[in-house]
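Text of the file start30.pdb, holding PDB, C-alpha atoms and all ligand atoms:
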```pdb
MODEL        1
ATOM      1  CA  MET A   1     185.932 142.471 112.675
ATOM      2  CA  ASN A   2     184.713 145.303 110.441
ATOM      3  CA  GLU A   3     186.424 143.723 107.446
ATOM      4  CA  LEU A   4     184.659 140.438 108.133
ATOM      5  CA  LEU A   5     181.352 142.300 108.457
ATOM      6  CA  ASP A   6     181.976 144.080 105.177
ATOM      7  CA  LEU A   7     182.698 140.825 103.333
ATOM      8  CA  ALA A   8     179.680 139.129 104.951
ATOM      9  CA  THR A   9     177.522 142.056 103.828
ATOM     10  CA  ARG A  10     178.733 141.902 100.219
ATOM     11  CA  ALA A  11     178.495 138.104 100.026
ATOM     12  CA  ALA A  12     174.947 138.078 101.447
ATOM     13  CA  ALA A  13     173.873 140.878  99.081
ATOM     14  CA  SER A  14     175.112 139.002  95.970
ATOM     15  CA  ALA A  15     173.412 135.795  97.083
ATOM     16  CA  ALA A  16     170.186 137.689  97.857
ATOM     17  CA  ASP A  17     170.287 139.239  94.353
ATOM     18  CA  LEU A  18     170.719 135.794  92.825
ATOM     19  CA  LEU A  19     167.704 134.506  94.759
ATOM     20  CA  VAL A  20     165.555 137.475  93.702
ATOM     21  CA  GLN A  21     166.593 137.140  90.033
ATOM     22  CA  GLY A  22     166.022 133.376  90.084
ATOM     23  CA  TRP A  23     162.632 133.392  91.794
ATOM     24  CA  ASP A  24     160.711 132.698  88.574
ATOM     25  CA  GLN A  25     162.807 129.603  87.882
ATOM     26  CA  ARG A  26     162.675 128.185  91.415
ATOM     27  CA  GLU A  27     161.935 124.485  91.667
ATOM     28  CA  VAL A  28     162.395 121.765  94.239
ATOM     29  CA  VAL A  29     165.359 119.560  93.304
ATOM     30  CA  ALA A  30     165.597 117.362  96.409
ATOM     31  CA  THR A  31     164.153 116.613  99.820
ATOM     32  CA  LYS A  32     166.271 116.120 102.933
ATOM     33  CA  SER A  33     165.082 114.913 106.361
ATOM     34  CA  SER A  34     161.406 114.640 105.313
ATOM     35  CA  GLN A  35     159.179 115.388 102.317
ATOM     36  CA  THR A  36     158.610 118.920 103.566
ATOM     37  CA  ASP A  37     162.349 119.600 104.068
ATOM     38  CA  ILE A  38     163.130 120.799 100.562
ATOM     39  CA  VAL A  39     166.096 122.074  98.579
ATOM     40  CA  THR A  40     165.649 124.251  95.520
ATOM     41  CA  GLN A  41     168.331 124.751  92.891
ATOM     42  CA  MET A  42     168.441 128.305  94.234
ATOM     43  CA  ASP A  43     169.628 127.130  97.698
ATOM     44  CA  GLN A  44     172.510 125.382  95.931
ATOM     45  CA  GLY A  45     173.321 128.306  93.614
ATOM     46  CA  SER A  46     173.243 130.751  96.504
ATOM     47  CA  GLU A  47     175.589 128.593  98.585
ATOM     48  CA  ALA A  48     178.060 128.209  95.684
ATOM     49  CA  LEU A  49     178.117 131.985  95.213
ATOM     50  CA  LEU A  50     178.606 132.639  98.946
ATOM     51  CA  VAL A  51     181.456 130.149  99.155
ATOM     52  CA  SER A  52     183.284 131.510  96.108
ATOM     53  CA  THR A  53     182.867 135.131  97.255
ATOM     54  CA  ILE A  54     184.197 134.345 100.740
ATOM     55  CA  LEU A  55     187.094 132.166  99.598
ATOM     56  CA  ALA A  56     188.228 134.692  96.989
ATOM     57  CA  GLU A  57     189.149 137.020  99.871
ATOM     58  CA  ARG A  58     189.632 134.602 102.793
ATOM     59  CA  PRO A  59     191.069 131.369 101.345
ATOM     60  CA  ASP A  60     192.329 130.039 104.688
ATOM     61  CA  ASP A  61     189.086 130.358 106.673
ATOM     62  CA  ALA A  62     186.767 127.439 107.480
ATOM     63  CA  ILE A  63     183.269 127.207 105.971
ATOM     64  CA  LEU A  64     180.133 125.332 107.019
ATOM     65  CA  GLY A  65     177.077 125.624 104.772
ATOM     66  CA  GLU A  66     173.587 124.156 104.987
ATOM     67  CA  GLU A  67     173.778 122.610 101.514
ATOM     68  CA  GLY A  68     176.951 120.662 102.242
ATOM     69  CA  SER A  69     179.892 123.040 101.950
ATOM     70  CA  SER A  70     182.364 122.109 104.604
ATOM     71  CA  ARG A  71     186.051 122.890 104.757
ATOM     72  CA  SER A  72     188.452 123.370 107.584
ATOM     73  CA  GLY A  73     190.672 126.411 107.931
ATOM     74  CA  THR A  74     193.816 127.572 109.659
ATOM     75  CA  THR A  75     192.833 131.059 110.860
ATOM     76  CA  GLY A  76     190.343 130.393 113.704
ATOM     77  CA  VAL A  77     187.677 132.138 111.575
ATOM     78  CA  SER A  78     184.693 130.028 110.419
ATOM     79  CA  TRP A  79     181.941 131.162 108.081
ATOM     80  CA  VAL A  80     178.605 129.544 108.854
ATOM     81  CA  ILE A  81     176.147 130.142 106.044
ATOM     82  CA  ASP A  82     172.518 129.412 105.333
ATOM     83  CA  PRO A  83     172.151 130.270 101.640
ATOM     84  CA  LEU A  84     168.355 130.379 101.926
ATOM     85  CA  ASP A  85     166.765 130.276 105.361
ATOM     86  CA  GLY A  86     163.031 129.832 104.933
ATOM     87  CA  THR A  87     163.178 127.748 101.757
ATOM     88  CA  VAL A  88     159.486 126.823 101.946
ATOM     89  CA  ASN A  89     158.570 130.516 102.229
ATOM     90  CA  TYR A  90     160.739 131.295  99.191
ATOM     91  CA  LEU A  91     159.022 128.561  97.199
ATOM     92  CA  TYR A  92     155.576 129.996  98.007
ATOM     93  CA  GLY A  93     156.489 133.684  97.846
ATOM     94  CA  PHE A  94     155.823 134.170 101.581
ATOM     95  CA  PRO A  95     158.203 137.040 102.378
ATOM     96  CA  SER A  96     160.074 135.731 105.427
ATOM     97  CA  TRP A  97     163.211 134.241 103.871
ATOM     98  CA  ALA A  98     166.828 135.357 104.024
ATOM     99  CA  VAL A  99     170.461 134.732 103.285
ATOM    100  CA  SER A 100     172.265 134.266 106.585
ATOM    101  CA  VAL A 101     176.027 134.723 106.896
ATOM    102  CA  GLY A 102     177.637 134.291 110.299
ATOM    103  CA  VAL A 103     181.282 134.435 111.285
ATOM    104  CA  LEU A 104     182.553 132.468 114.266
ATOM    105  CA  ILE A 105     185.847 133.417 115.851
ATOM    106  CA  ASP A 106     187.233 130.583 117.952
ATOM    107  CA  ASP A 107     183.749 129.001 117.791
ATOM    108  CA  ARG A 108     181.827 132.065 119.044
ATOM    109  CA  PRO A 109     179.356 133.807 116.670
ATOM    110  CA  MET A 110     180.850 137.289 116.434
ATOM    111  CA  VAL A 111     179.660 138.763 113.141
ATOM    112  CA  GLY A 112     176.298 138.354 111.437
ATOM    113  CA  VAL A 113     174.418 139.506 108.358
ATOM    114  CA  VAL A 114     170.851 138.413 107.625
ATOM    115  CA  HIS A 115     169.663 139.774 104.282
ATOM    116  CA  ALA A 116     165.915 139.435 103.633
ATOM    117  CA  PRO A 117     165.052 140.981 100.241
ATOM    118  CA  ALA A 118     161.303 140.347 100.351
ATOM    119  CA  LEU A 119     161.171 142.116 103.737
ATOM    120  CA  ALA A 120     163.444 144.855 102.360
ATOM    121  CA  THR A 121     165.644 144.434 105.427
ATOM    122  CA  VAL A 122     169.318 143.775 106.053
ATOM    123  CA  TRP A 123     170.226 143.100 109.679
ATOM    124  CA  ARG A 124     173.894 143.315 110.630
ATOM    125  CA  GLY A 125     175.729 143.084 113.893
ATOM    126  CA  ILE A 126     178.867 142.398 115.859
ATOM    127  CA  ALA A 127     178.513 140.549 119.193
ATOM    128  CA  ASP A 128     178.775 142.744 122.316
ATOM    129  CA  ASP A 129     179.118 145.779 120.074
ATOM    130  CA  PHE A 130     176.236 146.897 117.854
ATOM    131  CA  ALA A 131     173.313 145.744 115.719
ATOM    132  CA  GLU A 132     171.390 147.540 113.007
ATOM    133  CA  ALA A 133     168.583 147.101 110.523
ATOM    134  CA  ASN A 134     169.062 148.899 107.198
ATOM    135  CA  GLY A 135     171.784 150.981 108.818
ATOM    136  CA  ARG A 136     169.725 152.102 111.848
ATOM    137  CA  PRO A 137     170.657 150.903 115.352
ATOM    138  CA  ILE A 138     168.302 148.331 116.896
ATOM    139  CA  ARG A 139     167.720 147.118 120.464
ATOM    140  CA  CYS A 140     165.665 144.208 121.740
ATOM    141  CA  GLY A 141     162.313 144.946 123.431
ATOM    142  CA  GLY A 142     161.746 145.586 127.127
ATOM    143  CA  VAL A 143     158.820 143.287 128.014
ATOM    144  CA  THR A 144     159.542 141.536 131.316
ATOM    145  CA  GLU A 145     156.367 139.492 131.932
ATOM    146  CA  VAL A 146     155.960 136.165 130.158
ATOM    147  CA  SER A 147     152.208 136.826 130.022
ATOM    148  CA  ALA A 148     152.854 139.945 127.896
ATOM    149  CA  ALA A 149     155.400 138.359 125.561
ATOM    150  CA  LEU A 150     154.895 137.909 121.816
ATOM    151  CA  VAL A 151     156.847 134.731 121.118
ATOM    152  CA  ALA A 152     158.097 133.407 117.781
ATOM    153  CA  THR A 153     158.816 129.737 117.277
ATOM    154  CA  GLY A 154     159.397 127.151 114.569
ATOM    155  CA  PHE A 155     158.569 123.515 114.002
ATOM    156  CA  GLY A 156     160.835 120.715 112.815
ATOM    157  CA  TYR A 157     160.360 118.845 109.549
ATOM    158  CA  ASP A 158     159.880 115.424 111.209
ATOM    159  CA  PRO A 159     156.116 114.762 111.652
ATOM    160  CA  ALA A 160     156.667 112.937 114.971
ATOM    161  CA  VAL A 161     158.617 115.919 116.382
ATOM    162  CA  ARG A 162     155.931 118.301 115.113
ATOM    163  CA  ALA A 163     153.211 116.361 116.916
ATOM    164  CA  VAL A 164     155.062 116.872 120.221
ATOM    165  CA  GLN A 165     155.796 120.534 119.433
ATOM    166  CA  GLY A 166     152.099 121.113 118.735
ATOM    167  CA  VAL A 167     151.116 119.792 122.177
ATOM    168  CA  GLN A 168     153.785 121.930 123.870
ATOM    169  CA  VAL A 169     152.765 125.100 122.032
ATOM    170  CA  ALA A 170     149.130 124.452 123.000
ATOM    171  CA  ALA A 171     150.239 124.394 126.661
ATOM    172  CA  LEU A 172     152.308 127.570 126.243
ATOM    173  CA  LEU A 173     149.693 129.614 124.391
ATOM    174  CA  PRO A 174     147.470 130.496 127.400
ATOM    175  CA  GLN A 175     150.546 131.769 129.290
ATOM    176  CA  ILE A 176     151.831 134.318 126.741
ATOM    177  CA  ARG A 177     150.510 137.196 124.652
ATOM    178  CA  ASP A 178     150.590 135.169 121.418
ATOM    179  CA  ILE A 179     152.646 132.949 119.114
ATOM    180  CA  ARG A 180     154.136 133.773 115.696
ATOM    181  CA  ARG A 181     155.435 131.132 113.244
ATOM    182  CA  ALA A 182     156.778 132.921 110.179
ATOM    183  CA  GLY A 183     159.096 130.189 108.849
ATOM    184  CA  ALA A 184     162.684 131.459 108.920
ATOM    185  CA  ALA A 185     164.657 131.032 112.130
ATOM    186  CA  ALA A 186     167.286 133.662 111.274
ATOM    187  CA  VAL A 187     164.591 136.277 110.628
ATOM    188  CA  ASP A 188     162.700 135.303 113.807
ATOM    189  CA  MET A 189     165.863 135.874 115.841
ATOM    190  CA  CYS A 190     166.578 139.207 114.139
ATOM    191  CA  TRP A 191     163.014 140.215 115.034
ATOM    192  CA  VAL A 192     163.920 139.523 118.689
ATOM    193  CA  ALA A 193     166.991 141.755 118.248
ATOM    194  CA  GLN A 194     164.757 144.484 116.830
ATOM    195  CA  GLY A 195     161.891 144.143 119.329
ATOM    196  CA  VAL A 196     159.435 143.075 116.600
ATOM    197  CA  VAL A 197     158.786 140.023 118.791
ATOM    198  CA  ASP A 198     159.801 139.646 122.431
ATOM    199  CA  ALA A 199     161.274 136.166 122.249
ATOM    200  CA  TYR A 200     161.939 133.116 120.108
ATOM    201  CA  PHE A 201     162.460 129.470 120.889
ATOM    202  CA  GLU A 202     162.902 126.409 118.729
ATOM    203  CA  ARG A 203     164.019 122.824 119.022
ATOM    204  CA  GLY A 204     166.041 121.322 116.172
ATOM    205  CA  THR A 205     167.697 124.296 114.476
ATOM    206  CA  HIS A 206     171.202 123.974 113.086
ATOM    207  CA  LEU A 207     174.185 126.255 113.563
ATOM    208  CA  TRP A 208     173.655 127.760 110.088
ATOM    209  CA  ASP A 209     170.100 128.810 111.065
ATOM    210  CA  ARG A 210     171.262 130.752 114.114
ATOM    211  CA  ALA A 211     174.969 131.745 113.857
ATOM    212  CA  ALA A 212     174.520 135.133 112.155
ATOM    213  CA  ALA A 213     171.427 136.012 114.172
ATOM    214  CA  MET A 214     173.192 135.145 117.451
ATOM    215  CA  ALA A 215     175.816 137.825 116.759
ATOM    216  CA  ILE A 216     173.043 140.284 115.839
ATOM    217  CA  CYS A 217     171.035 139.436 118.995
ATOM    218  CA  SER A 218     174.142 139.952 121.117
ATOM    219  CA  GLY A 219     174.838 143.300 119.461
ATOM    220  CA  ALA A 220     171.230 144.352 120.175
ATOM    221  CA  GLY A 221     171.391 143.385 123.858
ATOM    222  CA  ALA A 222     169.324 140.180 123.588
ATOM    223  CA  ARG A 223     170.329 136.923 125.310
ATOM    224  CA  VAL A 224     170.527 133.611 123.470
ATOM    225  CA  GLY A 225     170.873 130.230 125.182
ATOM    226  CA  GLY A 226     169.466 126.746 125.453
ATOM    227  CA  LEU A 227     166.955 125.230 127.862
ATOM    228  CA  LEU A 228     166.868 126.417 131.485
ATOM    229  CA  GLY A 229     170.421 126.149 132.838
ATOM    230  CA  GLU A 230     171.879 125.067 129.496
ATOM    231  CA  GLU A 231     174.310 127.336 127.668
ATOM    232  CA  PRO A 232     174.967 127.981 124.901
ATOM    233  CA  ALA A 233     172.141 127.502 122.394
ATOM    234  CA  SER A 234     172.355 124.137 120.682
ATOM    235  CA  ASN A 235     170.537 122.118 118.057
ATOM    236  CA  ALA A 236     168.447 120.737 120.933
ATOM    237  CA  MET A 237     167.097 124.172 121.898
ATOM    238  CA  THR A 238     167.588 127.823 121.088
ATOM    239  CA  VAL A 239     165.920 130.514 123.196
ATOM    240  CA  ALA A 240     166.379 134.232 122.463
ATOM    241  CA  ALA A 241     164.841 137.093 124.451
ATOM    242  CA  ASN A 242     165.626 140.351 126.122
ATOM    243  CA  PRO A 243     167.645 139.707 129.313
ATOM    244  CA  ALA A 244     164.803 140.752 131.641
ATOM    245  CA  LEU A 245     162.441 138.166 130.115
ATOM    246  CA  PHE A 246     164.923 135.415 129.318
ATOM    247  CA  GLU A 247     165.007 133.410 132.587
ATOM    248  CA  ALA A 248     161.273 133.704 133.256
ATOM    249  CA  LEU A 249     160.505 132.513 129.738
ATOM    250  CA  ARG A 250     162.894 129.581 130.072
ATOM    251  CA  ALA A 251     161.170 128.599 133.340
ATOM    252  CA  THR A 252     157.770 128.704 131.605
ATOM    253  CA  LEU A 253     159.086 126.670 128.669
ATOM    254  CA  GLN A 254     160.338 124.062 131.111
ATOM    255  CA  GLU A 255     156.990 124.026 132.943
ATOM    256  CA  VAL A 256     155.066 123.288 129.752
ATOM    257  CA  GLY A 257     157.572 120.619 128.709
ATOM    258  CA  VAL A 258     159.189 122.382 125.748
ATOM    259  CA  GLY A 259     162.288 120.458 124.680
ATOM    260  CA  ARG A 260     161.083 117.151 126.124
ATOM    261  CA  ASP A 261     160.047 114.253 123.872
TER     262      ASP A 261
HETATM  263  C1  LIG B 301     164.270 126.277 108.470
HETATM  264  C2  LIG B 301     163.544 127.549 108.843
HETATM  265  C3  LIG B 301     162.369 127.237 109.757
HETATM  266  C4  LIG B 301     162.791 126.506 110.997
HETATM  267  C5  LIG B 301     163.585 125.261 110.652
HETATM  268  C6  LIG B 301     164.743 125.602 109.714
HETATM  269  P1  LIG B 301     165.481 126.183 106.081
HETATM  270  O1  LIG B 301     165.397 126.578 107.670
HETATM  271  O2  LIG B 301     164.415 128.413 109.515
HETATM  272  O3  LIG B 301     161.732 128.411 110.213
HETATM  273  O4  LIG B 301     161.629 126.169 111.724
HETATM  274  O5  LIG B 301     164.098 124.767 111.880
HETATM  275  O6  LIG B 301     165.403 124.409 109.351
HETATM  276  O7  LIG B 301     165.341 124.686 106.030
HETATM  277  O8  LIG B 301     164.367 126.884 105.413
HETATM  278  O9  LIG B 301     166.835 126.690 105.711
ENDMDL
END
```

Same coordinates, now as structure tokens:
Amino acid sequence: MNELLDLATRAAASAADLLVQGWDQREVVATKSSQTDIVTQMDQGSEALLVSTILAERPDDAILGEEGSSRSGTTGVSWVIDPLDGTVNYLYGFPSWAVSVGVLIDDRPMVGVVHAPALATVWRGIADDFAEANGRPIRCGGVTEVSAALVATGFGYDPAVRAVQGVQVAALLPQIRDIRRAGAAAVDMCWVAQGVVDAYFERGTHLWDRAAAMAICSGAGARVGGLLGEEPASNAMTVAANPALFEALRATLQEVGVGRD
């Protein structure tokens, strides 16, 4: 596991360097699910670098990447990579963006590195074992009351989904301390692991947004799941929080209709 973590760390660091060096030349080269769901040439360059770095040392592993890399493997080890989580933030120079490298062993996120150069932070972790930020151990926060919880969330790119999410967040807001929407799911989840926010929820993420951060959350003692009674986290819903808050938050999310159309 430590060897996988070491490779994930080096791969994420090279891709992060590429993104920092290329920031002046960033430009949108394509849109995906909607006009606001963008790809820059830097997302593509970062993914190519991650894939070549990983395959040079682990040629028989599987890879799944946000920008289309997909190959099966024979080892039971899968690399799930988001070459640039928070692409819109990167485009604008809003600092919450990161390279996210997760390793699944037999489909479970076990190893994660989230490297966020503009936040000067590298989160790393191994599920059920440890998590750290810039080499220092981290733990999730201890807030137990939903009414005291600082909750991060994200919104989908589809305008119709956003309209529903807006109504649901409006219903949630009076029940919690406050909402944060910083624009990079992997960073939001690492902030749960570090106690920078108490919880995170989002409908419509993909495995590459959350795989690395799930391992880091687990290493920091945070729980990650889906809607009330649904495990594990899925594209339909991801909820992350400290274990003492987790069930109460999921009940509140259900009450206000989060996750329903
Ligand atoms: C997006 C960001 C955003 C979240 C979206 C993700 P991308 O990732 O993490 O915060 O709300 O669900 O798709 O597109 O910038 O890699």

- Measuring atom to atom with all atoms listed in the file, identify which of A:Pro174, A:Gly166, A:Gly22, A:Gly76 is nearest to Ser147 (chain A). A:Pro174

Considering all atoms listed in the file, tabulate each residue of chain A that lies at most 7 Å from ligand LIG 301 (chain B) along with its nearest interatomic pair and the corresponding distance in Å to one decimal; arrange the rows by chain and ascending residue number and present them as a tab-separated table.
```
residue	atom	partner	partner_atom	distance
A:Asp37	CA	B:LIG301	O7	6.2
A:Asp82	CA	B:LIG301	O9	6.3
A:Leu84	CA	B:LIG301	O9	5.5
A:Asp85	CA	B:LIG301	O9	3.6
A:Gly86	CA	B:LIG301	O8	3.3
A:Thr87	CA	B:LIG301	O8	3.9
A:Val88	CA	B:LIG301	O8	6.0
A:Gly154	CA	B:LIG301	O4	3.7
A:Phe155	CA	B:LIG301	O4	4.6
A:Gly156	CA	B:LIG301	O5	5.3
A:Ala182	CA	B:LIG301	O3	6.7
A:Gly183	CA	B:LIG301	O3	3.5
A:Ala184	CA	B:LIG301	O3	3.4
A:Ala185	CA	B:LIG301	O2	3.7
A:Ala186	CA	B:LIG301	O2	6.2
A:Gly204	CA	B:LIG301	O5	5.8
A:Thr205	CA	B:LIG301	O5	4.5
A:His206	CA	B:LIG301	O6	6.9
A:Asp209	CA	B:LIG301	O2	5.9
```

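Comparing the minimum interatomic distances between Ala171 (chain A) and each of A:Thr252, A:Ser34, A:Ser52, A:Gln21, counting all atoms listed in the file, we find that A:Thr252 sits nearest.
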
- Message: Between CA of Thr144 (chain A) and CA of Asn242 (chain A), what distance in Å does the model show, to one decimal?
- Response: 8.1 Å

- Note on the structure: Using only C-alpha atoms, the best pick from A:Phe246, A:Tyr200, A:Trp208, A:Tyr90 as closest to Glu67 (chain A) would be A:Trp208

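In this model, the gap between CA of Val224 (chain A) and CA of Met1 (chain A) comes to 20.8 Å.
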
- Item | Counting only C-alpha atoms, the residue of A:Val29, A:Gln175, A:Val101, A:Leu7 that sits nearest Arg58 (chain A) | A:Leu7
